[in-house]
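J.: Structure file structure-v8.tsv, TSV, C-alpha atoms, is pasted below:
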```
chain	number	residue	atom	x	y	z
N	1	MET	CA	35.36	44.86	-4.02
N	2	ASP	CA	38.30	42.51	-3.87
N	3	PHE	CA	36.55	40.61	-1.10
N	4	ASN	CA	33.44	40.14	-3.23
N	5	MET	CA	35.46	38.98	-6.22
N	6	ALA	CA	37.34	36.53	-4.03
N	7	SER	CA	34.23	35.25	-2.32
N	8	ARG	CA	32.40	34.23	-5.50
N	9	PRO	CA	34.70	31.28	-6.31
N	10	GLN	CA	34.63	30.35	-2.63
N	11	TYR	CA	30.82	30.25	-2.60
N	12	THR	CA	30.80	28.34	-5.89
N	13	PHE	CA	33.19	25.67	-4.65
N	14	ARG	CA	31.36	25.50	-1.33
N	15	PHE	CA	28.08	24.88	-3.17
N	16	ILE	CA	29.68	22.21	-5.34
N	17	PHE	CA	31.25	20.57	-2.27
N	18	PHE	CA	27.96	20.52	-0.31
N	19	ALA	CA	25.97	19.30	-3.32
N	20	GLY	CA	28.50	16.54	-3.92
N	21	ILE	CA	28.51	15.41	-0.30
N	22	ILE	CA	24.69	15.42	-0.13
N	23	GLY	CA	24.39	13.56	-3.43
N	24	LEU	CA	26.99	10.99	-2.38
N	25	GLY	CA	25.27	10.49	0.97
N	26	LEU	CA	21.86	10.01	-0.64
N	27	TRP	CA	23.34	7.56	-3.14
N	28	THR	CA	25.10	5.63	-0.36
N	29	ILE	CA	21.85	4.98	1.52
N	30	ARG	CA	19.80	4.41	-1.65
N	31	HIS	CA	18.88	0.84	-0.63
N	32	PHE	CA	17.54	2.07	2.72
N	33	TRP	CA	15.25	4.77	1.33
N	34	PRO	CA	12.17	2.47	1.31
N	35	ALA	CA	12.66	1.67	5.00
N	36	LEU	CA	13.16	5.34	5.87
N	37	ILE	CA	10.13	6.48	3.91
N	38	TRP	CA	7.97	3.71	5.38
N	39	SER	CA	9.06	4.70	8.89
N	40	ILE	CA	8.09	8.33	8.18
N	41	VAL	CA	4.70	7.27	6.81
N	42	ILE	CA	4.01	5.04	9.82
N	43	ALA	CA	5.19	7.72	12.25
N	44	ILE	CA	2.88	10.30	10.66
N	45	ALA	CA	-0.05	7.88	10.78
N	46	PHE	CA	0.44	6.92	14.44
N	47	TRP	CA	1.80	10.23	15.75
N	48	PRO	CA	-1.38	11.26	17.65
N	49	LEU	CA	-1.42	7.89	19.45
N	50	TRP	CA	2.30	8.22	20.19
N	51	LEU	CA	1.79	11.64	21.77
N	52	LYS	CA	-0.91	10.21	24.04
N	53	LEU	CA	1.35	7.30	25.05
N	54	LYS	CA	4.29	9.61	25.73
N	55	GLU	CA	2.12	11.90	27.84
N	56	SER	CA	0.69	9.00	29.84
N	57	MET	CA	4.14	7.52	30.59
N	58	GLY	CA	5.73	10.86	31.51
N	59	SER	CA	8.94	12.56	30.47
N	60	LYS	CA	11.06	10.03	32.38
N	61	HIS	CA	10.42	7.31	29.76
N	62	GLU	CA	10.01	9.40	26.59
N	63	LYS	CA	13.53	8.64	25.31
N	64	MET	CA	13.68	4.86	25.73
N	65	LEU	CA	10.78	2.88	27.19
N	66	ALA	CA	7.93	4.79	25.54
N	67	PRO	CA	9.34	4.72	21.97
N	68	ALA	CA	10.37	1.08	22.43
N	69	LEU	CA	6.84	0.08	23.49
N	70	ALA	CA	5.28	2.11	20.68
N	71	THR	CA	7.58	0.56	18.07
N	72	LEU	CA	7.00	-2.95	19.43
N	73	ALA	CA	3.23	-2.48	19.45
N	74	ILE	CA	3.19	-1.22	15.87
N	75	GLY	CA	5.51	-4.00	14.73
N	76	VAL	CA	3.30	-6.66	16.30
N	77	THR	CA	0.18	-5.00	14.90
N	78	LEU	CA	1.65	-5.07	11.40
N	79	ILE	CA	3.26	-8.50	11.46
N	80	LEU	CA	0.62	-10.63	13.21
N	81	PRO	CA	-2.13	-10.27	10.56
N	82	LEU	CA	0.45	-10.94	7.84
N	83	LEU	CA	1.70	-14.06	9.60
N	84	PHE	CA	-1.85	-15.26	10.22
N	85	PHE	CA	-2.88	-14.90	6.59
N	86	ALA	CA	0.45	-16.32	5.40
N	87	PHE	CA	-0.02	-19.49	7.46
N	88	GLU	CA	-3.65	-19.79	6.37
N	89	ILE	CA	-2.72	-19.34	2.73
N	90	MET	CA	0.11	-21.89	3.05
N	91	ASN	CA	-2.27	-24.37	4.66
N	92	ASP	CA	-4.91	-23.84	2.00
N	93	PHE	CA	-2.60	-23.47	-0.98
N	94	GLN	CA	-1.99	-27.17	-1.55
N	95	ALA	CA	-5.68	-27.94	-1.09
N	96	ALA	CA	-6.57	-25.12	-3.50
N	97	ILE	CA	-4.18	-26.55	-6.12
N	98	HIS	CA	-5.80	-29.97	-5.81
N	99	PHE	CA	-9.21	-28.30	-6.02
N	100	PHE	CA	-8.40	-26.61	-9.35
N	101	GLN	CA	-6.65	-29.77	-10.52
N	102	ASP	CA	-9.78	-31.84	-9.85
N	103	LEU	CA	-11.95	-29.33	-11.68
N	104	LYS	CA	-9.63	-29.41	-14.66
N	105	ASN	CA	-9.48	-33.20	-14.82
N	106	GLN	CA	-13.24	-33.68	-14.41
N	107	ASP	CA	-14.04	-31.88	-17.68
N	108	THR	CA	-16.81	-30.08	-15.79
N	109	ALA	CA	-19.70	-29.03	-18.01
N	110	PRO	CA	-20.41	-25.29	-18.06
N	111	PRO	CA	-23.58	-24.11	-16.34
N	112	ASP	CA	-26.55	-23.48	-18.64
N	113	TRP	CA	-26.73	-19.76	-17.84
N	114	LEU	CA	-23.19	-19.20	-19.09
N	115	GLY	CA	-24.13	-19.87	-22.68
N	116	ARG	CA	-27.14	-17.56	-22.48
N	117	ILE	CA	-25.05	-14.46	-21.71
N	118	PRO	CA	-25.60	-12.01	-24.61
N	119	PHE	CA	-22.72	-11.52	-27.07
N	120	PHE	CA	-20.16	-13.33	-24.89
N	121	GLY	CA	-21.89	-16.62	-24.03
N	122	GLY	CA	-20.40	-18.75	-26.81
N	123	ASN	CA	-16.89	-17.47	-26.24
N	124	LEU	CA	-17.17	-18.01	-22.48
N	125	VAL	CA	-18.34	-21.60	-23.02
N	126	ASN	CA	-15.35	-22.27	-25.30
N	127	LYS	CA	-12.98	-20.79	-22.73
N	128	TRP	CA	-14.62	-22.94	-20.05
N	129	HIS	CA	-14.02	-26.11	-22.05
N	130	GLN	CA	-10.42	-25.09	-22.79
N	131	PHE	CA	-9.68	-24.46	-19.13
N	132	PHE	CA	-11.41	-27.48	-17.64
N	133	ALA	CA	-10.53	-29.97	-20.39
N	134	PRO	CA	-8.20	-32.85	-19.42
N	135	SER	CA	-4.56	-32.85	-20.48
N	136	SER	CA	-3.87	-33.78	-24.09
N	137	ASP	CA	-2.21	-37.05	-23.10
N	138	GLY	CA	-5.10	-37.93	-20.76
N	139	SER	CA	-2.89	-37.90	-17.70
N	140	GLN	CA	-3.64	-35.91	-14.61
N	141	ILE	CA	-1.59	-32.89	-13.62
N	142	SER	CA	0.18	-33.69	-10.38
N	143	LEU	CA	1.24	-31.30	-7.68
N	144	HIS	CA	4.83	-32.34	-8.36
N	145	GLN	CA	4.52	-31.11	-11.95
N	146	LEU	CA	3.05	-27.82	-10.81
N	147	LEU	CA	5.95	-27.26	-8.42
N	148	ASN	CA	8.53	-27.89	-11.14
N	149	GLY	CA	9.52	-25.56	-13.95
N	150	ASN	CA	9.31	-21.86	-13.39
N	151	VAL	CA	8.37	-22.14	-9.70
N	152	ILE	CA	11.56	-24.02	-8.90
N	153	ASN	CA	13.60	-21.81	-11.22
N	154	HIS	CA	12.38	-18.70	-9.46
N	155	SER	CA	12.48	-20.06	-5.91
N	156	ARG	CA	15.91	-18.56	-5.25
N	157	ALA	CA	14.76	-15.12	-6.43
N	158	PHE	CA	11.65	-15.46	-4.29
N	159	GLY	CA	13.75	-16.31	-1.22
N	160	MET	CA	16.02	-13.33	-1.83
N	161	ASN	CA	12.98	-11.08	-2.22
N	162	VAL	CA	11.53	-12.33	1.07
N	163	ALA	CA	14.88	-11.75	2.82
N	164	ARG	CA	15.01	-8.24	1.39
N	165	ARG	CA	11.49	-7.51	2.64
N	166	ILE	CA	12.35	-8.77	6.12
N	167	THR	CA	15.46	-6.57	6.17
N	168	THR	CA	13.43	-3.56	5.06
N	169	PHE	CA	10.86	-4.24	7.77
N	170	PHE	CA	13.60	-4.52	10.42
N	171	PHE	CA	15.21	-1.22	9.43
N	172	THR	CA	11.77	0.39	9.21
N	173	LEU	CA	11.14	-0.47	12.86
N	174	MET	CA	14.61	0.78	13.85
N	175	SER	CA	14.02	4.07	12.05
N	176	LEU	CA	10.56	4.31	13.58
N	177	PHE	CA	12.03	3.97	17.08
N	178	PHE	CA	14.40	6.89	16.50
N	179	LEU	CA	11.62	8.96	14.93
N	180	PHE	CA	9.49	8.48	18.04
N	181	ARG	CA	12.48	9.18	20.25
N	182	SER	CA	13.62	12.39	18.52
N	183	GLY	CA	10.62	13.25	16.36
N	184	SER	CA	9.86	16.58	18.02
N	185	GLU	CA	13.43	17.82	17.61
N	186	LEU	CA	13.57	16.60	14.00
N	187	GLN	CA	10.28	18.35	13.26
N	188	LYS	CA	11.63	21.67	14.55
N	189	MET	CA	14.84	21.24	12.56
N	190	PHE	CA	12.91	20.44	9.39
N	191	LEU	CA	10.69	23.50	9.78
N	192	ASN	CA	13.70	25.76	10.44
N	193	VAL	CA	15.57	24.45	7.40
N	194	SER	CA	12.47	24.64	5.19
N	195	ARG	CA	11.78	28.24	6.24
N	196	ARG	CA	15.34	29.26	5.45
N	197	LEU	CA	15.35	27.54	2.06
N	198	MET	CA	11.78	28.04	0.82
N	199	GLY	CA	10.07	30.49	3.14
N	200	PRO	CA	6.99	30.03	5.35
N	201	ASP	CA	4.92	28.30	2.63
N	202	MET	CA	6.84	25.07	3.15
N	203	GLU	CA	5.14	24.63	6.52
N	204	ARG	CA	1.73	24.62	4.82
N	205	PHE	CA	2.89	22.03	2.32
N	206	ALA	CA	4.31	19.80	5.06
N	207	HIS	CA	1.06	20.07	7.01
N	208	GLN	CA	-0.90	19.05	3.92
N	209	VAL	CA	1.36	16.04	3.36
N	210	VAL	CA	0.69	14.90	6.93
N	211	LEU	CA	-3.08	15.23	6.44
N	212	SER	CA	-2.87	13.36	3.14
N	213	VAL	CA	-0.96	10.43	4.64
N	214	ARG	CA	-3.42	10.08	7.51
N	215	GLY	CA	-6.42	10.42	5.20
N	216	THR	CA	-4.99	7.80	2.86
N	217	LEU	CA	-4.37	5.43	5.76
N	218	ASP	CA	-7.96	5.77	6.93
N	219	GLY	CA	-9.52	5.77	3.47
N	220	LEU	CA	-7.46	3.06	1.80
N	221	VAL	CA	-5.92	0.70	4.32
N	222	LEU	CA	-8.59	0.64	7.03
N	223	VAL	CA	-11.54	0.78	4.62
N	224	GLY	CA	-9.91	-1.86	2.40
N	225	LEU	CA	-9.32	-4.19	5.32
N	226	GLY	CA	-12.92	-3.61	6.41
N	227	GLU	CA	-14.11	-4.61	2.94
N	228	GLY	CA	-12.00	-7.75	3.11
N	229	VAL	CA	-13.37	-8.72	6.53
N	230	LEU	CA	-16.99	-8.24	5.43
N	231	LEU	CA	-16.47	-10.17	2.20
N	232	GLY	CA	-14.60	-12.89	4.11
N	233	ILE	CA	-17.64	-13.32	6.37
N	234	ILE	CA	-19.81	-13.58	3.26
N	235	TYR	CA	-17.45	-16.22	1.86
N	236	VAL	CA	-17.83	-18.29	5.02
N	237	PHE	CA	-21.64	-18.13	5.03
N	238	THR	CA	-21.90	-18.95	1.31
N	239	GLY	CA	-19.73	-22.05	1.73
N	240	THR	CA	-16.77	-20.80	-0.30
N	241	PRO	CA	-13.88	-23.31	-0.22
N	242	HIS	CA	-10.78	-21.93	1.51
N	243	ALA	CA	-12.77	-18.90	2.68
N	244	VAL	CA	-10.00	-17.57	4.96
N	245	MET	CA	-7.44	-17.62	2.16
N	246	PHE	CA	-9.74	-15.81	-0.26
N	247	GLY	CA	-10.82	-13.41	2.48
N	248	GLY	CA	-7.21	-12.44	3.17
N	249	MET	CA	-6.48	-12.01	-0.53
N	250	THR	CA	-9.60	-9.87	-0.90
N	251	ALA	CA	-8.58	-7.68	2.04
N	252	ILE	CA	-5.18	-7.05	0.43
N	253	ALA	CA	-6.72	-6.38	-2.99
N	254	ALA	CA	-9.38	-4.07	-1.52
N	255	ILE	CA	-6.70	-1.65	-0.28
N	256	ILE	CA	-6.32	-0.58	-3.93
N	257	PRO	CA	-9.56	1.02	-5.23
N	258	PHE	CA	-11.65	-1.18	-7.55
N	259	CYS	CA	-9.43	-4.26	-7.11
N	260	ALA	CA	-11.78	-6.08	-4.74
N	261	PRO	CA	-14.22	-7.07	-7.57
N	262	VAL	CA	-11.49	-9.18	-9.15
N	263	MET	CA	-11.33	-11.36	-6.05
N	264	PHE	CA	-15.03	-11.72	-5.27
N	265	CYS	CA	-15.78	-12.43	-8.95
N	266	ILE	CA	-13.20	-15.24	-8.82
N	267	VAL	CA	-14.93	-16.57	-5.71
N	268	ALA	CA	-18.31	-16.32	-7.46
N	269	ALA	CA	-16.93	-18.22	-10.47
N	270	ILE	CA	-15.68	-21.00	-8.18
N	271	LEU	CA	-19.07	-21.25	-6.49
N	272	ALA	CA	-20.84	-21.26	-9.87
N	273	SER	CA	-18.55	-24.03	-11.14
N	274	GLN	CA	-19.64	-26.14	-8.19
N	275	GLY	CA	-23.28	-25.54	-9.04
N	276	HIS	CA	-23.97	-23.03	-6.23
N	277	ILE	CA	-25.51	-20.38	-8.46
N	278	GLY	CA	-27.43	-18.69	-5.66
N	279	ALA	CA	-24.31	-18.39	-3.52
N	280	ALA	CA	-22.37	-16.96	-6.46
N	281	ILE	CA	-25.05	-14.34	-7.10
N	282	THR	CA	-25.09	-13.50	-3.39
N	283	VAL	CA	-21.32	-12.94	-3.33
N	284	VAL	CA	-21.41	-10.68	-6.39
N	285	ALA	CA	-24.49	-8.72	-5.25
N	286	LEU	CA	-23.26	-8.12	-1.69
N	287	GLY	CA	-19.74	-7.48	-2.93
N	288	MET	CA	-20.94	-4.78	-5.31
N	289	LEU	CA	-23.02	-3.24	-2.53
N	290	ILE	CA	-20.04	-3.13	-0.15
N	291	LEU	CA	-17.82	-1.81	-2.94
N	292	MET	CA	-20.30	0.93	-3.86
N	293	ILE	CA	-20.59	2.14	-0.26
N	294	ALA	CA	-16.84	1.95	0.43
N	295	ASP	CA	-15.47	3.39	-2.82
N	296	HIS	CA	-18.17	5.96	-3.57
N	297	VAL	CA	-19.17	7.15	-0.10
N	298	VAL	CA	-16.67	6.31	2.66
N	299	ARG	CA	-13.36	6.70	0.80
N	300	PRO	CA	-14.12	10.05	-0.87
N	301	ILE	CA	-15.15	11.49	2.52
N	302	LEU	CA	-12.07	10.22	4.37
N	303	ILE	CA	-9.44	10.85	1.69
N	304	GLY	CA	-10.95	13.83	-0.11
N	305	GLY	CA	-11.69	15.64	3.14
N	306	ALA	CA	-8.14	15.20	4.39
N	307	THR	CA	-6.37	15.97	1.10
N	308	ARG	CA	-8.85	18.69	0.05
N	309	LEU	CA	-8.94	17.11	-3.38
N	310	PRO	CA	-11.72	15.80	-5.62
N	311	PHE	CA	-11.72	12.02	-5.43
N	312	LEU	CA	-10.79	11.81	-9.13
N	313	TRP	CA	-7.40	13.41	-8.40
N	314	VAL	CA	-7.00	11.22	-5.33
N	315	LEU	CA	-7.63	8.15	-7.49
N	316	ILE	CA	-5.17	9.35	-10.15
N	317	GLY	CA	-2.58	9.96	-7.43
N	318	ILE	CA	-3.11	6.50	-5.95
N	319	LEU	CA	-2.90	4.58	-9.24
N	320	GLY	CA	-0.04	6.69	-10.59
N	321	GLY	CA	1.80	6.41	-7.28
N	322	ILE	CA	1.49	2.62	-7.24
N	323	GLU	CA	2.79	2.42	-10.80
N	324	THR	CA	5.76	4.68	-9.99
N	325	PHE	CA	6.67	3.85	-6.38
N	326	GLY	CA	5.01	0.48	-5.74
N	327	LEU	CA	3.15	0.05	-2.46
N	328	LEU	CA	4.60	3.31	-1.12
N	329	GLY	CA	2.71	5.06	-3.89
N	330	LEU	CA	-0.52	4.47	-1.98
N	331	PHE	CA	0.61	7.27	0.35
N	332	LEU	CA	3.06	9.26	-1.77
N	333	GLY	CA	0.72	9.64	-4.75
N	334	PRO	CA	-2.15	11.45	-2.96
N	335	ALA	CA	0.35	13.54	-0.96
N	336	LEU	CA	2.08	14.69	-4.15
N	337	MET	CA	-1.25	15.48	-5.81
N	338	ALA	CA	-2.33	17.50	-2.76
N	339	VAL	CA	0.87	19.58	-2.83
N	340	LEU	CA	0.62	20.11	-6.59
N	341	ILE	CA	-2.98	21.32	-6.28
N	342	MET	CA	-1.96	23.63	-3.42
N	343	ILE	CA	0.78	25.15	-5.62
N	344	TRP	CA	-1.69	25.51	-8.50
N	345	ARG	CA	-4.24	27.25	-6.29
N	346	ASP	CA	-1.59	29.60	-4.90
N	347	ILE	CA	-0.54	30.57	-8.43
N	348	ALA	CA	-4.05	30.77	-9.89
N	349	ASP	CA	-5.62	32.56	-6.92
N	350	PRO	CA	-2.94	34.34	-4.85
N	351	PRO	CA	-3.98	35.35	-1.32
N	352	HIS	CA	-3.30	39.07	-1.95
N	353	LEU	CA	-5.86	39.10	-4.81
N	354	ASN	CA	-8.55	37.87	-2.42
N	355	GLU	CA	-7.61	40.58	0.08
N	356	ASP	CA	-8.04	43.29	-2.57
```
Written as structure tokens, that's how I'd like the structure from this file.
T.:
Amino acid sequence: MDFNMASRPQYTFRFIFFAGIIGLGLWTIRHFWPALIWSIVIAIAFWPLWLKLKESMGSKHEKMLAPALATLAIGVTLILPLLFFAFEIMNDFQAAIHFFQDLKNQDTAPPDWLGRIPFFGGNLVNKWHQFFAPSSDGSQISLHQLLNGNVINHSRAFGMNVARRITTFFFTLMSLFFLFRSGSELQKMFLNVSRRLMGPDMERFAHQVVLSVRGTLDGLVLVGLGEGVLLGIIYVFTGTPHAVMFGGMTAIAAIIPFCAPVMFCIVAAILASQGHIGAAITVVALGMLILMIADHVVRPILIGGATRLPFLWVLIGILGGIETFGLLGLFLGPALMAVLIMIWRDIADPPHLNED
């Protein structure tokens, strides 16, 4: 009895001590959480390929050479397309500014069909004239003027943001290396701890999170990049100025559901402003066709099948995740929705009721 009475304060202080240490540790590494989470997401996505690589290279190299090669390959795979599109956009950016500047200074007349659009035609024509009208003082807007003001004022913040992203990417690759190196041991530890704290159901939830991340990667990233590539090819064949730049921007926008139309409608407006009405209609028509197939057929099959969710909940998870967590929300949102629906189904329809 005395032992039990004496042990209660001991357990209480032990709990407070452990909770404080864990909280302090999590707060200390708060700036590295994005890199750690990204490394976990990437490791989950590429884990089947990593297992094949590790098996092919043998146990002799599974602790150093194999994880180093896997990390290097993934890093190059991620960084090369970004560098390519960054250089293309930088090369085309100045020309694109001059292109819009010339349109604005030419006071280009709106196409005839714009004014015939029901309900909105008159307003669109007025907006056209406001956008493309010359400056009030009759002078042309120079590139020097465009690069002054807010762009210069925010250049330091932009540089710091780029440096932060590079640092996050570097630590993501470092964390990914150690996940590949010790992933199997960490997985066993996680399952043991989760079973002790929450019982065997935690293993089901973890498995569903893994499926959700892989389904989201296939359904969002790969399908979105595929949309961007197809639309980029269409831009080239329709004579779109700076087709590579707009193709890259479309590929990035297409990763988020229903964002691709914003880009190909901008491209269509540019073509229409140059008098290429047929090309503009072609871009919109083919873009809507690609969008319909990708967003209403391919994505629901890939994501919904993996997450075992209706696509509506997947979409809510994606958009809510992006709003809450940024780009990480693309993967965290659907995973959280999948776990929540699993908990709901367990409560609403317990397994023992089905057995009876």
J.: One number please: atom CA of N:Met342 to atom CA of N:Arg204, in Å, one decimal.
T.: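 That distance, rounded to one decimal, is 9.1 Å.
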J.: With only C-alpha atoms as the counted atoms, please give the residues lying no more than 8 Å from stretch 293-301 of chain N, apart from itself and same-chain residues fewer than 4 positions off, as a count of residues only.
T.: 10
J.: How many Å separate atom CA of N:Leu319 from atom CA of N:Ile303?
T.: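 A separation of 14.2 Å between them.
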J.: Please report the interatomic distance between atom CA of N:Leu186 and atom CA of N:Ala43 in Å with one decimal.
T.: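 Those two atoms sit 12.3 Å apart.
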J.: Name all residues at most 8 Å from stretch 46-60 of chain N (count all atoms listed in the file; drop same-chain ones fewer than 5 positions away) and give them as a tab-separated table (two decimals) with C-alpha atoms, in the frame of the given file.
T.:
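And here's result-v2.tsv as it stands now:
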```
chain	number	residue	atom	x	y	z
N	66	ALA	CA	7.93	4.79	25.54
N	67	PRO	CA	9.34	4.72	21.97
N	70	ALA	CA	5.28	2.11	20.68
N	180	PHE	CA	9.49	8.48	18.04
```
J.: Of the residues N:Arg165, N:Phe246, N:Thr172, N:Val314, which is the one nearest to N:Phe264, using all atoms listed in the file?
T.: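 Checking each of N:Arg165, N:Phe246, N:Thr172, N:Val314 against N:Phe264, counting all atoms listed in the file, the winner is N:Phe246.
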J.: Select, from N:Gly122, N:Gly248, N:Gly75, N:Pro241, the residue with the minimum atom-to-atom distance to N:Val267, counting all atoms listed in the file.
T.: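 For N:Val267, the nearest of the given residues is N:Pro241.
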J.: For N:Ile270, which residue out of N:Ala243, N:Ala35, N:Leu65, N:Ala253 is the nearest one, using only C-alpha atoms?
T.: N:Ala243
J.: Tell me which protein, DNA and RNA residues are within 8 Å of N:Val209, counting all atoms listed in the file, leaving out same-chain ones fewer than 6 positions away, and put them as a list in words.
T.: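 My reading of the contact set: Ala335, Leu336, Ala338 and Val339 of chain N.
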J.: Considering only C-alpha atoms, can you say which of N:Ile322, N:Ile166, N:Met174, N:Ile316 comes closest to N:Ile74?
T.: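 Smallest distance to N:Ile74 is found for N:Met174.
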J.: Measuring atom to atom with all atoms listed in the file, identify which of N:Ser194, N:Phe13, N:Phe170, N:Met160 is nearest to N:Phe32.
T.: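 Going through N:Ser194, N:Phe13, N:Phe170, N:Met160 one by one, the smallest distance to N:Phe32 is for N:Phe170.
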J.: Rank N:Thr77, N:Asn126, N:Asn192, N:Gln208 by their smallest atom-to-atom distance to N:Met337, using all atoms listed in the file, and report the top residue only.
T.: N:Gln208
J.: The residues within 12 Å of (14.2, 3.5, 13.0), using all atoms listed in the file and the coordinates of the file, should be reported as a short mmCIF file (atom, residue, chain, number, x, y, z; two decimals) with C-alpha atoms, in the coordinates of the input; which are they?
T.:
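Saved as point.cif:
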```cif
data_model
loop_
_atom_site.label_atom_id
_atom_site.label_comp_id
_atom_site.auth_asym_id
_atom_site.auth_seq_id
_atom_site.Cartn_x
_atom_site.Cartn_y
_atom_site.Cartn_z
CA PHE N 32 17.54 2.07 2.72
CA TRP N 33 15.25 4.77 1.33
CA PRO N 34 12.17 2.47 1.31
CA ALA N 35 12.66 1.67 5.00
CA LEU N 36 13.16 5.34 5.87
CA ILE N 37 10.13 6.48 3.91
CA TRP N 38 7.97 3.71 5.38
CA SER N 39 9.06 4.70 8.89
CA ILE N 40 8.09 8.33 8.18
CA VAL N 41 4.70 7.27 6.81
CA ILE N 42 4.01 5.04 9.82
CA ALA N 43 5.19 7.72 12.25
CA PRO N 67 9.34 4.72 21.97
CA ALA N 68 10.37 1.08 22.43
CA ALA N 70 5.28 2.11 20.68
CA THR N 71 7.58 0.56 18.07
CA LEU N 72 7.00 -2.95 19.43
CA GLY N 75 5.51 -4.00 14.73
CA THR N 168 13.43 -3.56 5.06
CA PHE N 169 10.86 -4.24 7.77
CA PHE N 170 13.60 -4.52 10.42
CA PHE N 171 15.21 -1.22 9.43
CA THR N 172 11.77 0.39 9.21
CA LEU N 173 11.14 -0.47 12.86
CA MET N 174 14.61 0.78 13.85
CA SER N 175 14.02 4.07 12.05
CA LEU N 176 10.56 4.31 13.58
CA PHE N 177 12.03 3.97 17.08
CA PHE N 178 14.40 6.89 16.50
CA LEU N 179 11.62 8.96 14.93
CA PHE N 180 9.49 8.48 18.04
CA ARG N 181 12.48 9.18 20.25
CA SER N 182 13.62 12.39 18.52
CA GLY N 183 10.62 13.25 16.36
#
```
J.: As JSON, what would the box around stretch 35-51 of chain N look like: edges along x, y and z, 3 Å added on every side, centre and edge lengths in Å to one decimal?
T.:
```
{"center_x": 5.9, "center_y": 6.7, "center_z": 12.8, "size_x": 20.6, "size_y": 16.0, "size_z": 23.9}
```
